[in-house]
>>> print(open('protein.cif').read())   # mmCIF, C-alpha atoms (C1' of nucleotides)
data_final
#
loop_
_atom_site.label_atom_id
_atom_site.label_comp_id
_atom_site.auth_asym_id
_atom_site.auth_seq_id
_atom_site.Cartn_x
_atom_site.Cartn_y
_atom_site.Cartn_z
CA MET A 1 0.00 0.00 0.00
CA ALA A 2 2.86 2.36 -0.67
CA MET A 3 0.93 4.35 -3.24
CA GLU A 4 3.39 3.62 -6.01
CA ARG A 5 1.36 5.01 -8.82
CA ASP A 6 0.16 8.49 -9.46
CA THR A 7 -3.53 8.19 -10.25
CA ALA A 8 -6.21 10.75 -10.95
CA GLN A 9 -8.07 9.61 -7.83
CA ARG A 10 -5.12 10.21 -5.53
CA ARG A 11 -4.34 13.55 -7.11
CA ALA A 12 -7.94 14.58 -6.58
CA ILE A 13 -7.98 13.51 -2.93
CA ARG A 14 -4.72 15.27 -2.19
CA GLU A 15 -5.93 18.41 -3.88
CA VAL A 16 -9.11 18.36 -1.84
CA PHE A 17 -7.12 18.35 1.39
CA GLU A 18 -4.70 20.97 0.13
CA ALA A 19 -7.55 23.27 -0.81
CA SER A 20 -9.34 22.80 2.48
CA GLU A 21 -8.55 24.78 5.59
CA ARG A 22 -10.56 22.49 7.76
CA PRO A 23 -10.65 18.79 8.68
CA LEU A 24 -12.72 16.64 6.36
CA GLY A 25 -14.59 13.41 6.85
CA PRO A 26 -14.66 10.60 4.29
CA ARG A 27 -17.97 11.73 2.83
CA GLU A 28 -16.78 15.31 2.46
CA VAL A 29 -13.63 14.11 0.73
CA LEU A 30 -15.66 11.92 -1.60
CA ASP A 31 -18.08 14.68 -2.54
CA ALA A 32 -15.35 17.22 -3.17
CA ALA A 33 -13.06 14.87 -5.09
CA GLN A 34 -15.86 13.65 -7.31
CA ALA A 35 -15.88 17.10 -8.89
CA MET A 36 -12.58 16.06 -10.44
CA VAL A 37 -13.09 12.30 -10.72
CA PRO A 38 -16.82 11.57 -10.86
CA SER A 39 -16.36 7.81 -10.76
CA LEU A 40 -14.47 7.96 -7.49
CA GLY A 41 -15.70 5.43 -4.94
CA ILE A 42 -15.75 5.64 -1.17
CA ALA A 43 -13.43 2.65 -0.85
CA THR A 44 -10.69 4.57 -2.59
CA VAL A 45 -11.20 7.49 -0.25
CA TYR A 46 -10.70 5.27 2.79
CA ARG A 47 -7.74 3.52 1.20
CA THR A 48 -6.04 6.72 0.16
CA VAL A 49 -6.66 8.58 3.40
CA LYS A 50 -5.25 5.66 5.33
CA ALA A 51 -2.16 5.59 3.15
CA LEU A 52 -1.70 9.35 3.47
CA VAL A 53 -1.86 9.04 7.25
CA GLU A 54 0.70 6.24 7.20
CA GLU A 55 3.09 8.30 5.17
CA GLY A 56 2.60 11.27 7.47
CA TRP A 57 0.85 13.54 5.01
CA LEU A 58 -2.45 13.58 6.91
CA VAL A 59 -3.33 13.35 10.59
CA PRO A 60 -6.61 12.19 12.12
CA VAL A 61 -8.77 14.71 13.96
CA GLU A 62 -10.83 12.99 16.62
CA LEU A 63 -13.85 14.77 18.02
CA PRO A 64 -16.13 13.54 20.79
CA GLY A 65 -18.88 11.25 19.60
CA GLU A 66 -18.04 11.15 15.92
CA PRO A 67 -15.83 9.28 13.50
CA PRO A 68 -12.43 10.78 12.74
CA ARG A 69 -11.88 13.46 10.14
CA HIS A 70 -8.50 14.29 8.66
CA GLU A 71 -6.37 17.32 7.97
CA ARG A 72 -2.92 18.08 6.59
CA ALA A 73 -0.10 17.13 8.92
CA GLY A 74 2.44 19.65 10.10
CA LYS A 75 0.14 22.47 11.08
CA LYS A 76 1.07 24.39 14.14
CA HIS A 77 -0.75 23.80 17.41
CA HIS A 78 -4.41 24.63 17.04
CA HIS A 79 -7.87 23.50 18.02
CA HIS A 80 -11.25 23.06 16.40
CA PHE A 81 -14.63 24.69 16.25
CA VAL A 82 -17.64 22.51 15.45
CA CYS A 83 -20.61 24.26 13.89
CA GLU A 84 -23.65 22.52 15.31
CA SER A 85 -25.74 23.79 12.45
CA CYS A 86 -23.81 22.65 9.38
CA ASP A 87 -21.64 20.07 11.11
CA ARG A 88 -18.48 21.40 9.60
CA VAL A 89 -15.32 21.63 11.66
CA PHE A 90 -13.11 24.70 11.52
CA GLU A 91 -9.60 25.26 12.63
CA VAL A 92 -9.00 27.90 15.26
CA GLU A 93 -5.51 29.11 15.89
CA GLY A 94 -3.97 29.90 19.16
CA CYS A 95 -4.47 28.24 22.46
CA PRO A 96 -5.86 30.22 25.32
CA GLY A 97 -5.31 29.05 28.78
CA ASN A 98 -2.99 27.68 31.22
CA PHE A 99 -4.16 24.13 31.49
CA ARG A 100 -1.44 23.06 33.85
CA SER A 101 -3.25 24.97 36.58
CA VAL A 102 -6.26 22.68 36.74
CA VAL A 103 -4.34 19.41 36.72
CA PRO A 104 -4.54 17.67 40.09
CA GLU A 105 -1.48 17.18 42.23
CA GLY A 106 0.65 14.29 41.05
CA PHE A 107 -0.83 14.15 37.58
CA GLN A 108 1.44 14.57 34.58
CA LEU A 109 -0.04 16.54 31.70
CA ASP A 110 1.19 15.50 28.26
CA ARG A 111 -1.23 17.11 25.86
CA HIS A 112 -4.68 18.54 25.58
CA ASP A 113 -7.57 18.87 23.22
CA LEU A 114 -9.99 21.76 23.10
CA VAL A 115 -13.19 21.65 21.09
CA LEU A 116 -15.43 24.67 20.69
CA TYR A 117 -19.08 24.35 19.72
CA GLY A 118 -21.43 26.92 18.29
CA ARG A 119 -22.43 28.40 14.96
CA CYS A 120 -20.08 29.34 12.18
CA ALA A 121 -20.22 32.67 10.41
CA THR A 122 -22.03 31.18 7.42
CA CYS A 123 -24.77 29.67 9.52
CA GLY A 124 -25.20 32.99 11.29
CA ASP A 125 -27.92 33.02 13.89
CA MET B 1 -38.90 1.88 30.74
CA ALA B 2 -39.76 4.17 33.58
CA MET B 3 -37.91 2.06 36.12
CA GLU B 4 -40.97 1.43 38.23
CA ARG B 5 -39.46 -1.15 40.47
CA ASP B 6 -36.63 -0.91 42.91
CA THR B 7 -34.33 -3.82 42.18
CA ALA B 8 -30.99 -4.89 43.58
CA GLN B 9 -29.39 -4.38 40.16
CA ARG B 10 -30.51 -0.79 39.90
CA ARG B 11 -29.55 0.01 43.44
CA ALA B 12 -26.11 -1.42 42.76
CA ILE B 13 -25.64 0.60 39.57
CA ARG B 14 -26.75 3.82 41.21
CA GLU B 15 -24.46 3.22 44.13
CA VAL B 16 -21.54 2.65 41.82
CA PHE B 17 -22.05 6.04 40.23
CA GLU B 18 -22.63 7.74 43.55
CA ALA B 19 -19.42 6.31 44.92
CA SER B 20 -17.40 7.25 41.86
CA GLU B 21 -15.85 10.64 41.36
CA ARG B 22 -15.14 9.96 37.75
CA PRO B 23 -17.05 9.02 34.59
CA LEU B 24 -17.51 5.29 34.09
CA GLY B 25 -17.94 3.17 31.00
CA PRO B 26 -20.35 0.23 30.79
CA ARG B 27 -17.66 -2.31 31.58
CA GLU B 28 -16.46 -0.36 34.62
CA VAL B 29 -20.02 -0.12 35.88
CA LEU B 30 -20.53 -3.83 35.38
CA ASP B 31 -17.37 -4.80 37.18
CA ALA B 32 -18.03 -2.53 40.14
CA ALA B 33 -21.71 -3.39 40.47
CA GLN B 34 -21.05 -7.12 40.32
CA ALA B 35 -19.41 -6.77 43.72
CA MET B 36 -22.94 -6.26 45.01
CA VAL B 37 -24.91 -8.30 42.49
CA PRO B 38 -22.65 -10.97 40.99
CA SER B 39 -25.25 -12.15 38.50
CA LEU B 40 -25.58 -8.70 36.93
CA GLY B 41 -25.43 -8.78 33.15
CA ILE B 42 -24.13 -6.17 30.74
CA ALA B 43 -27.57 -5.77 29.16
CA THR B 44 -28.96 -4.50 32.43
CA VAL B 45 -26.12 -2.02 32.70
CA TYR B 46 -26.93 -0.56 29.29
CA ARG B 47 -30.65 -0.54 30.03
CA THR B 48 -30.27 1.09 33.39
CA VAL B 49 -27.74 3.68 32.32
CA LYS B 50 -29.97 4.65 29.45
CA ALA B 51 -32.94 5.02 31.77
CA LEU B 52 -30.91 7.06 34.25
CA VAL B 53 -29.86 9.40 31.46
CA GLU B 54 -33.45 9.79 30.33
CA GLU B 55 -34.57 10.71 33.79
CA GLY B 56 -31.72 13.19 34.14
CA TRP B 57 -29.79 11.38 36.83
CA LEU B 58 -26.77 10.67 34.61
CA VAL B 59 -25.17 12.54 31.73
CA PRO B 60 -23.00 11.12 28.95
CA VAL B 61 -19.33 12.08 28.82
CA GLU B 62 -18.07 11.94 25.25
CA LEU B 63 -14.34 11.76 24.64
CA PRO B 64 -12.59 11.74 21.27
CA GLY B 65 -12.30 8.33 19.71
CA GLU B 66 -14.07 6.31 22.34
CA PRO B 67 -17.57 5.26 23.34
CA PRO B 68 -19.37 7.43 25.89
CA ARG B 69 -18.92 7.08 29.61
CA HIS B 70 -21.36 8.48 32.16
CA GLU B 71 -21.30 10.54 35.31
CA ARG B 72 -23.80 12.03 37.76
CA ALA B 73 -25.77 14.93 36.38
CA GLY B 74 -25.76 18.32 38.05
CA LYS B 75 -22.08 18.73 38.67
CA LYS B 76 -20.69 22.16 38.16
CA HIS B 77 -18.73 23.04 35.04
CA HIS B 78 -15.65 20.90 34.78
CA HIS B 79 -13.47 19.01 32.34
CA HIS B 80 -11.74 15.66 32.14
CA PHE B 81 -8.29 14.18 32.36
CA VAL B 82 -7.62 10.93 30.55
CA CYS B 83 -4.83 8.77 31.91
CA GLU B 84 -3.21 7.17 28.89
CA SER B 85 -1.74 4.48 31.08
CA CYS B 86 -4.76 3.10 32.93
CA ASP B 87 -7.42 4.54 30.62
CA ARG B 88 -9.40 5.98 33.46
CA VAL B 89 -10.98 9.38 33.16
CA PHE B 90 -10.79 11.89 35.99
CA GLU B 91 -12.72 15.02 36.66
CA VAL B 92 -10.79 18.26 36.87
CA GLU B 93 -12.46 21.29 38.29
CA GLY B 94 -12.13 24.78 37.06
CA CYS B 95 -11.80 26.03 33.57
CA PRO B 96 -8.72 27.91 32.55
CA GLY B 97 -8.80 30.13 29.61
CA ASN B 98 -10.67 32.65 27.75
CA PHE B 99 -11.87 30.67 24.80
CA ARG B 100 -13.84 33.49 23.30
CA SER B 101 -10.58 35.05 22.21
CA VAL B 102 -9.69 32.37 19.68
CA VAL B 103 -13.11 32.19 18.03
CA PRO B 104 -13.03 33.65 14.52
CA GLU B 105 -14.96 36.76 13.66
CA GLY B 106 -18.65 36.07 13.11
CA PHE B 107 -18.65 32.75 14.92
CA GLN B 108 -20.94 32.26 17.88
CA LEU B 109 -19.50 30.21 20.72
CA ASP B 110 -22.03 28.20 22.70
CA ARG B 111 -19.96 25.75 24.69
CA HIS B 112 -16.61 24.04 24.83
CA ASP B 113 -14.99 20.83 25.79
CA LEU B 114 -11.48 20.45 27.12
CA VAL B 115 -9.78 17.10 27.46
CA LEU B 116 -6.40 16.70 29.14
CA TYR B 117 -4.19 13.69 28.50
CA GLY B 118 -1.31 12.35 30.53
CA ARG B 119 -0.66 10.10 33.50
CA CYS B 120 -2.65 10.02 36.67
CA ALA B 121 -1.05 10.10 40.09
CA THR B 122 -1.48 6.36 40.56
CA CYS B 123 0.24 5.51 37.31
CA GLY B 124 3.03 7.89 38.27
CA ASP B 125 6.08 7.75 36.04
"C1'" DC C 1 -49.88 -15.19 50.14
"C1'" DG C 2 -50.53 -15.39 45.19
"C1'" DA C 3 -51.23 -13.02 40.74
"C1'" DT C 4 -49.55 -9.81 37.53
"C1'" DA C 5 -46.41 -7.65 34.94
"C1'" DA C 6 -41.88 -5.26 35.17
"C1'" DT C 7 -37.17 -6.73 35.10
"C1'" DT C 8 -33.46 -9.65 34.39
"C1'" DG C 9 -29.64 -12.21 31.88
"C1'" DA C 10 -28.19 -14.75 27.96
"C1'" DT C 11 -28.34 -14.31 23.55
"C1'" DT C 12 -29.23 -12.66 19.07
"C1'" DA C 13 -29.84 -8.88 16.13
"C1'" DT C 14 -28.80 -4.19 14.62
"C1'" DA C 15 -26.27 -0.01 13.15
"C1'" DC C 16 -22.45 2.05 11.26
"C1'" DG C 17 -17.92 2.97 10.03
"C1'" DT C 18 -14.26 0.82 8.00
"C1'" DT C 19 -11.82 -2.97 5.61
"C1'" DA C 20 -11.44 -7.06 2.55
"C1'" DT C 21 -12.58 -9.24 -1.74
"C1'" DC C 22 -12.40 -9.61 -6.53
"C1'" DG C 23 -12.98 -8.87 -11.32
"C1'" DT C 24 -11.86 -4.84 -14.20
"C1'" DT C 25 -9.14 -0.70 -15.39
"C1'" DA C 26 -5.17 1.76 -16.25
"C1'" DG C 27 -0.18 3.60 -14.82
"C1'" DC C 28 4.25 3.00 -16.27
"C1'" DG C 29 8.67 0.69 -17.34
"C1'" DG C 30 10.56 -1.74 -21.05
"C1'" DC D 1 2.63 -0.08 -27.81
"C1'" DC D 2 2.81 -4.30 -24.51
"C1'" DG D 3 2.55 -6.48 -20.49
"C1'" DC D 4 2.63 -6.55 -15.71
"C1'" DT D 5 0.41 -5.51 -11.71
"C1'" DA D 6 -0.98 -1.59 -8.70
"C1'" DA D 7 -5.12 0.55 -8.19
"C1'" DC D 8 -9.89 1.02 -8.86
"C1'" DG D 9 -15.14 0.59 -7.76
"C1'" DA D 10 -18.92 -2.13 -6.18
"C1'" DT D 11 -20.11 -4.77 -2.71
"C1'" DA D 12 -19.71 -8.15 0.84
"C1'" DA D 13 -17.65 -8.88 5.22
"C1'" DC D 14 -16.09 -7.24 9.56
"C1'" DG D 15 -15.74 -5.27 14.41
"C1'" DT D 16 -17.66 -3.06 17.96
"C1'" DA D 17 -20.97 -0.86 20.77
"C1'" DT D 18 -25.59 -0.94 21.76
"C1'" DA D 19 -30.44 -2.49 21.42
"C1'" DA D 20 -34.04 -6.11 20.93
"C1'" DT D 21 -35.82 -10.67 22.08
"C1'" DC D 22 -37.68 -13.89 25.21
"C1'" DA D 23 -38.12 -17.29 28.77
"C1'" DA D 24 -37.31 -17.12 33.65
"C1'" DT D 25 -37.30 -14.35 37.82
"C1'" DT D 26 -39.03 -11.30 41.22
"C1'" DA D 27 -40.98 -6.69 43.05
"C1'" DT D 28 -45.25 -4.94 44.21
"C1'" DC D 29 -49.98 -4.81 45.56
"C1'" DG D 30 -54.56 -6.49 46.58
#
>>> encode(input="protein.cif", output="structure tokens")
Amino acid sequence: MAMERDTAQRRAIREVFEASERPLGPREVLDAAQAMVPSLGIATVYRTVKALVEEGWLVPVELPGEPPRHERAGKKHHHHFVCESCDRVFEVEGCPGNFRSVVPEGFQLDRHDLVLYGRCATCGD
Amino acid sequence: MAMERDTAQRRAIREVFEASERPLGPREVLDAAQAMVPSLGIATVYRTVKALVEEGWLVPVELPGEPPRHERAGKKHHHHFVCESCDRVFEVEGCPGNFRSVVPEGFQLDRHDLVLYGRCATCGD
DNA sequence: CGATAATTGATTATACGTTATCGTTAGCGG
DNA sequence: CCGCTAACGATAACGTATAATCAATTATCG
């Protein structure tokens, strides 16, 4: 599964992630990539995303209560905003807070994950 | 499913949650409650937890990439610490940070979820 | 104390996301 | 332009968490 060949499907999937500023789920990838390769199947999306993760080009984005989405690897530390209206996930930069302060005595903090919920600008209110 | 009768199984499950200061998954509930009712089955745990959520006595605790755990409802705002060694989830009180500041222009922030990862005091290092 | 029906526990079934299968298509080195 | 085989797409199979089924048990009430 080393992705030896350069196919239209893989180009399309990579382009979709490169053009997106937010994490995408398999269905979102499929829909967007089908604009370039209409015959694209969901199996190829899963296969390709998995391979791109293994080669370090993508990273999974896990959110509570839903299947993983993926985004380009190598971004600087950031968190995510989930729009509860359109279900899209946005990247938010920066990291407010001094999380060390709430960790109980004797606990060792390695990393953290902050998820914001609300409505995105497009969904207004 | 209004839990009309007071059974040993239900008493045991409620006591397990009352005695716990941290969110529990179905298996944890089963193991702990079997100390009181050895014959307890996992189906009853699912049934009872679901009923306790519906009547507002429990709330689900969703963490990225794993099935929901549950804790007593009515606690004051807090977050969770996941020990990556023993897989237990602890409650941390307080809420550091001014999350509003990282929300993009035009986005409306309704709530947030912070998950800390590391090692608990028991697992030391 | 019964009778009734809610509850239980073992088990099977379901839901859903992801992966495996397999015959067909097509990239690419020769 | 061939031939080899990676890759594809459709679909079946899978894993896992949870819910449904159902005969046996048991809480509750007259």
>>> resolve_selection(input="protein.cif", expression="the PyMOL selection byres ((chain A and resi 47) around 10)", output="PDB file with C-alpha atoms (C1' of nucleotides), keeping the file's coordinate frame")
ATOM      1  CA  MET A   1       0.000   0.000   0.000  1.00  0.00           C
ATOM      2  CA  MET A   3       0.930   4.350  -3.240  1.00  0.00           C
ATOM      3  CA  ARG A  10      -5.120  10.210  -5.530  1.00  0.00           C
ATOM      4  CA  ILE A  42     -15.750   5.640  -1.170  1.00  0.00           C
ATOM      5  CA  ALA A  43     -13.430   2.650  -0.850  1.00  0.00           C
ATOM      6  CA  THR A  44     -10.690   4.570  -2.590  1.00  0.00           C
ATOM      7  CA  VAL A  45     -11.200   7.490  -0.250  1.00  0.00           C
ATOM      8  CA  TYR A  46     -10.700   5.270   2.790  1.00  0.00           C
ATOM      9  CA  THR A  48      -6.040   6.720   0.160  1.00  0.00           C
ATOM     10  CA  VAL A  49      -6.660   8.580   3.400  1.00  0.00           C
ATOM     11  CA  LYS A  50      -5.250   5.660   5.330  1.00  0.00           C
ATOM     12  CA  ALA A  51      -2.160   5.590   3.150  1.00  0.00           C
ATOM     13  CA  LEU A  52      -1.700   9.350   3.470  1.00  0.00           C
TER      14      LEU A  52
ATOM     15  C1'  DT C  18     -14.260   0.820   8.000  1.00  0.00           C
ATOM     16  C1'  DT C  19     -11.820  -2.970   5.610  1.00  0.00           C
TER      17       DT C  19
END
>>> resolve_selection(input="protein.cif", expression="the PyMOL selection byres ((chain D and resi 26) around 12)", output="NGL selection string")
(:B and (5-9)) or (:C and (4-8)) or (:D and (24-25 or 27-28))
>>> resolve_selection(input="protein.cif", expression="the PyMOL selection byres ((chain B and resi 33-36) around 10)", output="number ranges by chain")
B: 8-17, 27-32, 37-41, 45
>>> residues_around(input="protein.cif", residues="Gly65 in chain A", least_positions_apart="4", cutoff="10 Å", atoms="only C-alpha atoms (C1' of nucleotides)", output="MDAnalysis selection string")
chainID B and resid 61:68
>>> interface_residues(input="protein.cif", of="chain D", to="chain A", cutoff="12 Å", atoms="only C-alpha atoms (C1' of nucleotides)", output="PyMOL selection string")
chain D and resi 5-11
>>> write_last_selection(input="protein.cif", atoms="C-alpha atoms (C1' of nucleotides)", output="compact mmCIF listing (two decimals), in the frame of the given file")
# COMPACT_ATOMS: atom_id res chain seq x y z
C1' DT D 5 0.41 -5.51 -11.71
C1' DA D 6 -0.98 -1.59 -8.70
C1' DA D 7 -5.12 0.55 -8.19
C1' DC D 8 -9.89 1.02 -8.86
C1' DG D 9 -15.14 0.59 -7.76
C1' DA D 10 -18.92 -2.13 -6.18
C1' DT D 11 -20.11 -4.77 -2.71
>>> atom_distance(input="protein.cif", atom1="CA of Val103 in chain A", atom2="CA of Tyr117 in chain A")
23.0 Å
>>> interface_residues(input="protein.cif", of="chain B", to="chain A", cutoff="8 Å", atoms="all atoms listed in the file", output="ChimeraX atom specification")
/B:62-68,81,92-99,101-121,124
>>> interface_residues(input="protein.cif", of="chain C", to="chain A", cutoff="12 Å", atoms="all atoms listed in the file", output="PyMOL selection string")
chain C and resi 16-21+25-28
>>> atom_distance(input="protein.cif", atom1="CA of Gly25 in chain B", atom2="CA of Val59 in chain A")
27.1 Å
>>> axis_aligned_box(input="protein.cif", around="range 1-17 of chain D", padding_each_side="5 Å", output="AutoDock Vina command-line options")
--center_x -9.1 --center_y -3.9 --center_z -3.5 --size_x 33.8 --size_y 19.9 --size_z 58.6
